[in-house]
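Asks: The structure's right below; bear with me while I get my questions together.
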Amino acid sequence: MTGSEDGAIALTRVGERIASCALCPRLVRWRREVADAPPARHAGERYWARPVPGFGDPRARICVLGLATAAHGGNRTGRAFTGNPTGDWVVRALHRAGLANQPTSRHRGDGLRLEGAWAGSVVRCAPPGNRPTPVERDTCLAHLSEEVAALAELRVLVALGGFAWDAVARWAGARPKPRFGHGVEHRLDSGLVLLGGYHPSRQNTNTGVLTEAMLDAVLARAVDIAWPRRAGVTGVRLAGPG
Ligand code: SF4
């Protein structure tokens with residue numbers, strides 16, 4: 001069995017543990033309540049209504065992390081960055097960076113594959129108001145530990161938004177706490193690089209706080225860190241990590 005097969009098996013097991021987690025009572029209730037009262041655009045759809053594990057390439061060198069599972073995105077479709085506008089932004093950018101085989105992310109059976117990348121959120125359940133409590137955040141960071149441990153080739157953690165940045169810094173024990181910014185880098189004691197980017201929320205994308213070019217620049221930097229020999233050739237579809 002190869003290392004990547006070991007990693008794939010480990011990630012499958014981690015994903016199963018995450019999907020059955022019920023450690024946060026408030027979020028267990030909320031993910032179900034959202035599913036039971038969907039907006040008209042999703043009326044009649046069967047929601048996942050469980051925690052959403054990360055997904056992607058077991059040989060990922062780049063892990064892209066958002067804040068939390070989206071109520072009508074991942075909580076509906078069962079896959080991170082899938083089925084909502086934020087997911088569209090992220091997956092289009094991953095595709096432009098050569099890290100995804102297609103620019104769309106609609107549902108779990110849509111054929112999307114990530115290449116050299118892993119994607120998820122620091123809080124795996126949808127929280128009310130998109131605001132997890134500090135206790136919920138810290139409880140869920142144990143799942144990040146498990147995923148990172150199974151991603152043997154990981155080099156870069158891309159935190160989309162200040163919440164994800166602070167959560168990863170806390171998880172890694174970074175002292176003093178590094179300050180979040182778009183394009184800011186911080187090397188963690190483990191050797192992993194934490195790279196910040198503005199979150200592609202509607203609030204940021206509709207106001208021009210975050211443009212597609214800005215997100216592309218962050219992912220291009222992540223690719224350069226992850227594959228240093230390929231620095232300067234980003235934007236070209238990768239044949240696969242190597
Ligand atoms: S937020 Fe994380 S720790 Fe809390 S119930 Fe969901 S998966 Fe479990």
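Please note that chains go A, B, ... in the order of the structure tokens, that every chain numbers its residues from 1, and that ligands are numbered from 1 in the order shown.
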Grab me every residue within 6 Å of ligand 1, counting only C-alpha atoms and all ligand atoms, and send it over as a ChimeraX atom specification.
Replies: /A:18,21-24,28,51,123-125,136,139-140
Asks: Using only C-alpha atoms, I'd like a table of the residues in region 151-173 of chain A that come within 12 Å of region 79-95 of chain A; for each, show the closest atom pair and its distance in Å rounded to one decimal, ordered by chain and ascending number, as a Markdown table.
Replies:
```
| residue | atom | partner | partner_atom | distance |
| --- | --- | --- | --- | --- |
| A:Val158 | CA | A:Val90 | CA | 11.5 |
| A:Ala159 | CA | A:Val90 | CA | 11.9 |
| A:Leu160 | CA | A:Val90 | CA | 9.6 |
```
Asks: List as a PyMOL selection string the protein and nucleic acid residues near Arg187 (chain A), meaning an atom at most 12 Å away when only C-alpha atoms are counted, but skip any in the same chain fewer than 4 places from it.
Replies: chain A and resi 155-158+168-169+172-175+177-178+191-196+225
Asks: If you keep C-alpha atoms, can you produce a file of those selected residues as a PDB file, in the first residue's frame?
Replies:
```
ATOM      1  CA  ARG A 155       2.694  22.591   3.227  1.00  0.00           C
ATOM      2  CA  VAL A 156       0.235  25.501   3.298  1.00  0.00           C
ATOM      3  CA  LEU A 157      -2.951  26.323   5.186  1.00  0.00           C
ATOM      4  CA  VAL A 158      -4.915  29.051   3.417  1.00  0.00           C
ATOM      5  CA  VAL A 168      -5.679  28.022  12.867  1.00  0.00           C
ATOM      6  CA  ALA A 169      -3.227  30.215  14.775  1.00  0.00           C
ATOM      7  CA  ALA A 172      -1.146  25.743  16.111  1.00  0.00           C
ATOM      8  CA  GLY A 173      -0.291  27.558  19.361  1.00  0.00           C
ATOM      9  CA  ALA A 174       1.212  30.514  17.488  1.00  0.00           C
ATOM     10  CA  ARG A 175       2.586  33.117  19.939  1.00  0.00           C
ATOM     11  CA  LYS A 177      -0.886  35.691  17.739  1.00  0.00           C
ATOM     12  CA  PRO A 178      -0.143  36.636  14.113  1.00  0.00           C
ATOM     13  CA  GLY A 191       6.845  24.272   9.367  1.00  0.00           C
ATOM     14  CA  LEU A 192       3.449  24.694   7.739  1.00  0.00           C
ATOM     15  CA  VAL A 193       2.797  28.136   6.292  1.00  0.00           C
ATOM     16  CA  LEU A 194      -0.391  29.921   7.287  1.00  0.00           C
ATOM     17  CA  LEU A 195      -1.503  32.200   4.451  1.00  0.00           C
ATOM     18  CA  GLY A 196      -4.387  34.635   4.852  1.00  0.00           C
ATOM     19  CA  ILE A 225       5.060  27.785  -1.497  1.00  0.00           C
TER      20      ILE A 225
END
```
Asks: Rounded to one decimal place, report the CA of Asp110 (chain A)-CA of Asn130 (chain A) distance in Å.
Replies: 25.8 Å
Asks: Would you list, as number ranges by chain, the residues of region 94-185 of chain A that end up in alpha helix (DSSP H) under DSSP run on this structure's backbone?
Replies: A: 94-96, 134-150, 162-172
Asks: For the residues selected in the previous step, produce a file with N, CA and C atoms as a PDB file, in the first residue's frame.
Replies:
```pdb
ATOM      1  N   LEU A  94      -9.880  27.932  -7.415  1.00  0.00           N
ATOM      2  CA  LEU A  94      -9.050  26.710  -7.386  1.00  0.00           C
ATOM      3  C   LEU A  94      -8.839  26.190  -8.800  1.00  0.00           C
ATOM      4  N   HIS A  95      -9.865  26.272  -9.624  1.00  0.00           N
ATOM      5  CA  HIS A  95      -9.742  25.817 -11.012  1.00  0.00           C
ATOM      6  C   HIS A  95      -8.759  26.691 -11.779  1.00  0.00           C
ATOM      7  N   ARG A  96      -8.875  28.000 -11.616  1.00  0.00           N
ATOM      8  CA  ARG A  96      -7.942  28.891 -12.315  1.00  0.00           C
ATOM      9  C   ARG A  96      -6.502  28.644 -11.867  1.00  0.00           C
ATOM     10  N   PRO A 134     -16.766  30.517  20.798  1.00  0.00           N
ATOM     11  CA  PRO A 134     -15.373  30.085  21.014  1.00  0.00           C
ATOM     12  C   PRO A 134     -15.269  28.618  21.433  1.00  0.00           C
ATOM     13  N   VAL A 135     -16.210  28.168  22.248  1.00  0.00           N
ATOM     14  CA  VAL A 135     -16.152  26.758  22.677  1.00  0.00           C
ATOM     15  C   VAL A 135     -16.385  25.834  21.476  1.00  0.00           C
ATOM     16  N   GLU A 136     -17.355  26.178  20.632  1.00  0.00           N
ATOM     17  CA  GLU A 136     -17.619  25.349  19.441  1.00  0.00           C
ATOM     18  C   GLU A 136     -16.401  25.336  18.518  1.00  0.00           C
ATOM     19  N   ARG A 137     -15.804  26.492  18.334  1.00  0.00           N
ATOM     20  CA  ARG A 137     -14.586  26.563  17.494  1.00  0.00           C
ATOM     21  C   ARG A 137     -13.503  25.648  18.055  1.00  0.00           C
ATOM     22  N   ASP A 138     -13.239  25.780  19.345  1.00  0.00           N
ATOM     23  CA  ASP A 138     -12.149  24.999  19.928  1.00  0.00           C
ATOM     24  C   ASP A 138     -12.465  23.504  19.909  1.00  0.00           C
ATOM     25  N   THR A 139     -13.717  23.160  20.119  1.00  0.00           N
ATOM     26  CA  THR A 139     -14.093  21.741  20.088  1.00  0.00           C
ATOM     27  C   THR A 139     -13.835  21.170  18.701  1.00  0.00           C
ATOM     28  N   CYS A 140     -14.170  21.940  17.678  1.00  0.00           N
ATOM     29  CA  CYS A 140     -14.055  21.419  16.314  1.00  0.00           C
ATOM     30  C   CYS A 140     -12.620  21.384  15.819  1.00  0.00           C
ATOM     31  N   LEU A 141     -11.720  22.120  16.454  1.00  0.00           N
ATOM     32  CA  LEU A 141     -10.331  22.117  15.989  1.00  0.00           C
ATOM     33  C   LEU A 141      -9.689  20.735  16.120  1.00  0.00           C
ATOM     34  N   ALA A 142     -10.255  19.881  16.965  1.00  0.00           N
ATOM     35  CA  ALA A 142      -9.729  18.517  17.053  1.00  0.00           C
ATOM     36  C   ALA A 142      -9.858  17.807  15.709  1.00  0.00           C
ATOM     37  N   HIS A 143     -10.915  18.128  14.961  1.00  0.00           N
ATOM     38  CA  HIS A 143     -11.084  17.512  13.633  1.00  0.00           C
ATOM     39  C   HIS A 143     -10.039  18.032  12.656  1.00  0.00           C
ATOM     40  N   LEU A 144      -9.674  19.304  12.794  1.00  0.00           N
ATOM     41  CA  LEU A 144      -8.612  19.832  11.933  1.00  0.00           C
ATOM     42  C   LEU A 144      -7.304  19.090  12.208  1.00  0.00           C
ATOM     43  N   SER A 145      -7.027  18.826  13.470  1.00  0.00           N
ATOM     44  CA  SER A 145      -5.808  18.080  13.820  1.00  0.00           C
ATOM     45  C   SER A 145      -5.781  16.732  13.120  1.00  0.00           C
ATOM     46  N   GLU A 146      -6.926  16.066  13.127  1.00  0.00           N
ATOM     47  CA  GLU A 146      -6.973  14.738  12.510  1.00  0.00           C
ATOM     48  C   GLU A 146      -6.761  14.813  11.001  1.00  0.00           C
ATOM     49  N   GLU A 147      -7.385  15.794  10.358  1.00  0.00           N
ATOM     50  CA  GLU A 147      -7.223  15.910   8.903  1.00  0.00           C
ATOM     51  C   GLU A 147      -5.786  16.278   8.544  1.00  0.00           C
ATOM     52  N   VAL A 148      -5.229  17.234   9.270  1.00  0.00           N
ATOM     53  CA  VAL A 148      -3.857  17.650   8.964  1.00  0.00           C
ATOM     54  C   VAL A 148      -2.886  16.479   9.180  1.00  0.00           C
ATOM     55  N   ALA A 149      -3.114  15.713  10.220  1.00  0.00           N
ATOM     56  CA  ALA A 149      -2.232  14.571  10.479  1.00  0.00           C
ATOM     57  C   ALA A 149      -2.276  13.559   9.347  1.00  0.00           C
ATOM     58  N   ALA A 150      -3.406  13.465   8.679  1.00  0.00           N
ATOM     59  CA  ALA A 150      -3.553  12.488   7.581  1.00  0.00           C
ATOM     60  C   ALA A 150      -3.085  13.051   6.235  1.00  0.00           C
ATOM     61  N   GLY A 162     -10.662  36.296   8.809  1.00  0.00           N
ATOM     62  CA  GLY A 162      -9.990  36.429  10.092  1.00  0.00           C
ATOM     63  C   GLY A 162     -10.363  35.342  11.083  1.00  0.00           C
ATOM     64  N   PHE A 163     -11.613  34.863  11.010  1.00  0.00           N
ATOM     65  CA  PHE A 163     -12.016  33.822  11.955  1.00  0.00           C
ATOM     66  C   PHE A 163     -11.187  32.547  11.721  1.00  0.00           C
ATOM     67  N   ALA A 164     -11.088  32.134  10.453  1.00  0.00           N
ATOM     68  CA  ALA A 164     -10.314  30.922  10.144  1.00  0.00           C
ATOM     69  C   ALA A 164      -8.841  31.128  10.489  1.00  0.00           C
ATOM     70  N   TRP A 165      -8.330  32.314  10.201  1.00  0.00           N
ATOM     71  CA  TRP A 165      -6.921  32.622  10.511  1.00  0.00           C
ATOM     72  C   TRP A 165      -6.669  32.488  12.013  1.00  0.00           C
ATOM     73  N   ASP A 166      -7.512  33.141  12.816  1.00  0.00           N
ATOM     74  CA  ASP A 166      -7.327  33.097  14.268  1.00  0.00           C
ATOM     75  C   ASP A 166      -7.478  31.670  14.801  1.00  0.00           C
ATOM     76  N   ALA A 167      -8.424  30.941  14.225  1.00  0.00           N
ATOM     77  CA  ALA A 167      -8.642  29.569  14.687  1.00  0.00           C
ATOM     78  C   ALA A 167      -7.421  28.699  14.399  1.00  0.00           C
ATOM     79  N   VAL A 168      -6.857  28.838  13.194  1.00  0.00           N
ATOM     80  CA  VAL A 168      -5.679  28.022  12.867  1.00  0.00           C
ATOM     81  C   VAL A 168      -4.491  28.433  13.733  1.00  0.00           C
ATOM     82  N   ALA A 169      -4.332  29.747  13.932  1.00  0.00           N
ATOM     83  CA  ALA A 169      -3.227  30.215  14.775  1.00  0.00           C
ATOM     84  C   ALA A 169      -3.374  29.660  16.193  1.00  0.00           C
ATOM     85  N   ARG A 170      -4.593  29.654  16.694  1.00  0.00           N
ATOM     86  CA  ARG A 170      -4.854  29.118  18.034  1.00  0.00           C
ATOM     87  C   ARG A 170      -4.572  27.621  18.065  1.00  0.00           C
ATOM     88  N   TRP A 171      -5.059  26.934  17.047  1.00  0.00           N
ATOM     89  CA  TRP A 171      -4.847  25.487  16.945  1.00  0.00           C
ATOM     90  C   TRP A 171      -3.358  25.155  16.946  1.00  0.00           C
ATOM     91  N   ALA A 172      -2.577  25.993  16.250  1.00  0.00           N
ATOM     92  CA  ALA A 172      -1.146  25.743  16.111  1.00  0.00           C
ATOM     93  C   ALA A 172      -0.351  26.267  17.302  1.00  0.00           C
TER      94      ALA A 172
END
```
Asks: Residues at most 9 Å from Ser4 (chain A), counting only C-alpha atoms, excluding those fewer than 5 positions away in the same chain, as a VMD selection string?
Replies: chain A and resid 9 58 to 59 151 to 152
Asks: Using only C-alpha atoms, determine which residues lie at most 6 Å from Asn75 (chain A), disregarding the query and same-chain residues fewer than 3 positions distant; provide the list as a ChimeraX atom specification.
Replies: /A:48-49,70-72,78
Asks: Go ahead and save the picked residues with N, CA, C and O atoms, as a JSON list (two decimals), in the first residue's frame.
Replies:
```
[["chain", "number", "residue", "atom", "x", "y", "z"],
["A", 48, "TRP", "N", -28.24, 17.53, 3.90],
["A", 48, "TRP", "CA", -27.25, 16.67, 4.58],
["A", 48, "TRP", "C", -27.46, 16.77, 6.09],
["A", 48, "TRP", "O", -27.54, 15.77, 6.79],
["A", 49, "ALA", "N", -27.48, 18.01, 6.60],
["A", 49, "ALA", "CA", -27.81, 18.30, 8.00],
["A", 49, "ALA", "C", -26.93, 17.59, 9.01],
["A", 49, "ALA", "O", -27.38, 17.19, 10.08],
["A", 70, "ALA", "N", -21.65, 26.28, 5.48],
["A", 70, "ALA", "CA", -22.75, 27.20, 5.14],
["A", 70, "ALA", "C", -24.09, 26.49, 5.31],
["A", 70, "ALA", "O", -24.26, 25.33, 4.91],
["A", 71, "ALA", "N", -25.06, 27.21, 5.88],
["A", 71, "ALA", "CA", -26.35, 26.61, 6.20],
["A", 71, "ALA", "C", -27.01, 25.97, 4.98],
["A", 71, "ALA", "O", -27.54, 24.85, 5.06],
["A", 72, "HIS", "N", -26.99, 26.68, 3.84],
["A", 72, "HIS", "CA", -27.65, 26.16, 2.64],
["A", 72, "HIS", "C", -26.64, 25.76, 1.56],
["A", 72, "HIS", "O", -27.02, 25.48, 0.43],
["A", 78, "GLY", "N", -23.68, 18.50, 1.63],
["A", 78, "GLY", "CA", -22.79, 17.51, 2.25],
["A", 78, "GLY", "C", -21.35, 17.63, 1.83],
["A", 78, "GLY", "O", -20.54, 16.76, 2.17]]
```
Asks: Quick one: residues within 9 Å of Ala117 (chain A), only C-alpha atoms, excluding same-chain residues fewer than 6 positions away - as a list in words?
Replies: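 Selected residues are Phe55, Gly56, Asp57, Pro58, Arg59, Ala60, Arg61, Ile62, Cys63, Val64, Leu94, Leu99, Ala100 and Leu154 of chain A.
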Asks: Convert the current residue selection to file output with N, CA, C and O atoms, as a CSV table (one decimal), in the first residue's frame.
Replies:
```csv
chain,number,residue,atom,x,y,z
A,55,PHE,N,-12.7,17.8,2.0
A,55,PHE,CA,-12.6,16.9,0.8
A,55,PHE,C,-11.5,17.4,-0.1
A,55,PHE,O,-11.0,18.5,0.0
A,56,GLY,N,-11.0,16.4,-0.9
A,56,GLY,CA,-10.0,16.8,-1.9
A,56,GLY,C,-9.0,15.7,-2.1
A,56,GLY,O,-9.4,14.5,-2.1
A,57,ASP,N,-7.8,16.1,-2.4
A,57,ASP,CA,-6.7,15.2,-2.8
A,57,ASP,C,-5.9,14.7,-1.5
A,57,ASP,O,-5.4,15.5,-0.8
A,58,PRO,N,-5.9,13.4,-1.3
A,58,PRO,CA,-5.1,12.9,-0.1
A,58,PRO,C,-3.6,13.4,-0.1
A,58,PRO,O,-3.0,13.4,0.9
A,59,ARG,N,-3.1,13.7,-1.3
A,59,ARG,CA,-1.7,14.2,-1.4
A,59,ARG,C,-1.7,15.7,-1.5
A,59,ARG,O,-0.7,16.3,-1.9
A,60,ALA,N,-2.7,16.3,-0.9
A,60,ALA,CA,-2.8,17.8,-1.0
A,60,ALA,C,-1.6,18.4,-0.3
A,60,ALA,O,-1.1,18.0,0.8
A,61,ARG,N,-1.0,19.5,-0.9
A,61,ARG,CA,0.0,20.3,-0.3
A,61,ARG,C,-0.7,21.6,0.2
A,61,ARG,O,0.0,22.3,1.0
A,62,ILE,N,-1.8,21.9,-0.3
A,62,ILE,CA,-2.5,23.1,0.1
A,62,ILE,C,-3.9,22.8,0.7
A,62,ILE,O,-4.6,22.0,0.1
A,63,CYS,N,-4.2,23.4,1.9
A,63,CYS,CA,-5.5,23.2,2.5
A,63,CYS,C,-6.2,24.5,2.6
A,63,CYS,O,-5.6,25.4,3.2
A,64,VAL,N,-7.3,24.7,2.0
A,64,VAL,CA,-8.1,25.9,2.0
A,64,VAL,C,-9.2,25.8,3.1
A,64,VAL,O,-10.0,24.9,3.0
A,94,LEU,N,-9.9,27.9,-7.4
A,94,LEU,CA,-9.1,26.7,-7.4
A,94,LEU,C,-8.8,26.2,-8.8
A,94,LEU,O,-7.7,25.7,-9.2
A,99,LEU,N,-5.9,23.8,-9.5
A,99,LEU,CA,-6.0,22.9,-8.3
A,99,LEU,C,-7.4,22.2,-8.3
A,99,LEU,O,-7.7,21.4,-7.4
A,100,ALA,N,-8.2,22.4,-9.3
A,100,ALA,CA,-9.5,21.7,-9.4
A,100,ALA,C,-9.8,21.4,-10.9
A,100,ALA,O,-9.3,22.2,-11.8
A,154,LEU,N,1.2,18.0,3.3
A,154,LEU,CA,0.6,19.4,3.4
A,154,LEU,C,1.8,20.4,3.7
A,154,LEU,O,2.7,20.1,4.5
```
Asks: So that I can see what lies close to region 36-44 of chain A, please list as a ChimeraX atom specification the residues with an atom at most 9 Å from it, counting only C-alpha atoms and leaving out residues fewer than 4 positions away in the same chain.
Replies: /A:31-32,72,76
Asks: Using CA of Glu185 (chain A) and CA of Trp227 (chain A) as the two end points, give the distance in Å to one decimal.
Replies: 16.0 Å
Asks: Using DSSP assignments from the backbone, pull out every residue in region 32-226 of chain A that falls under strand (DSSP E) and give it to me as number ranges by chain.
Replies: A: 55-56, 62-68, 117-123, 156-160, 185-187, 193-197
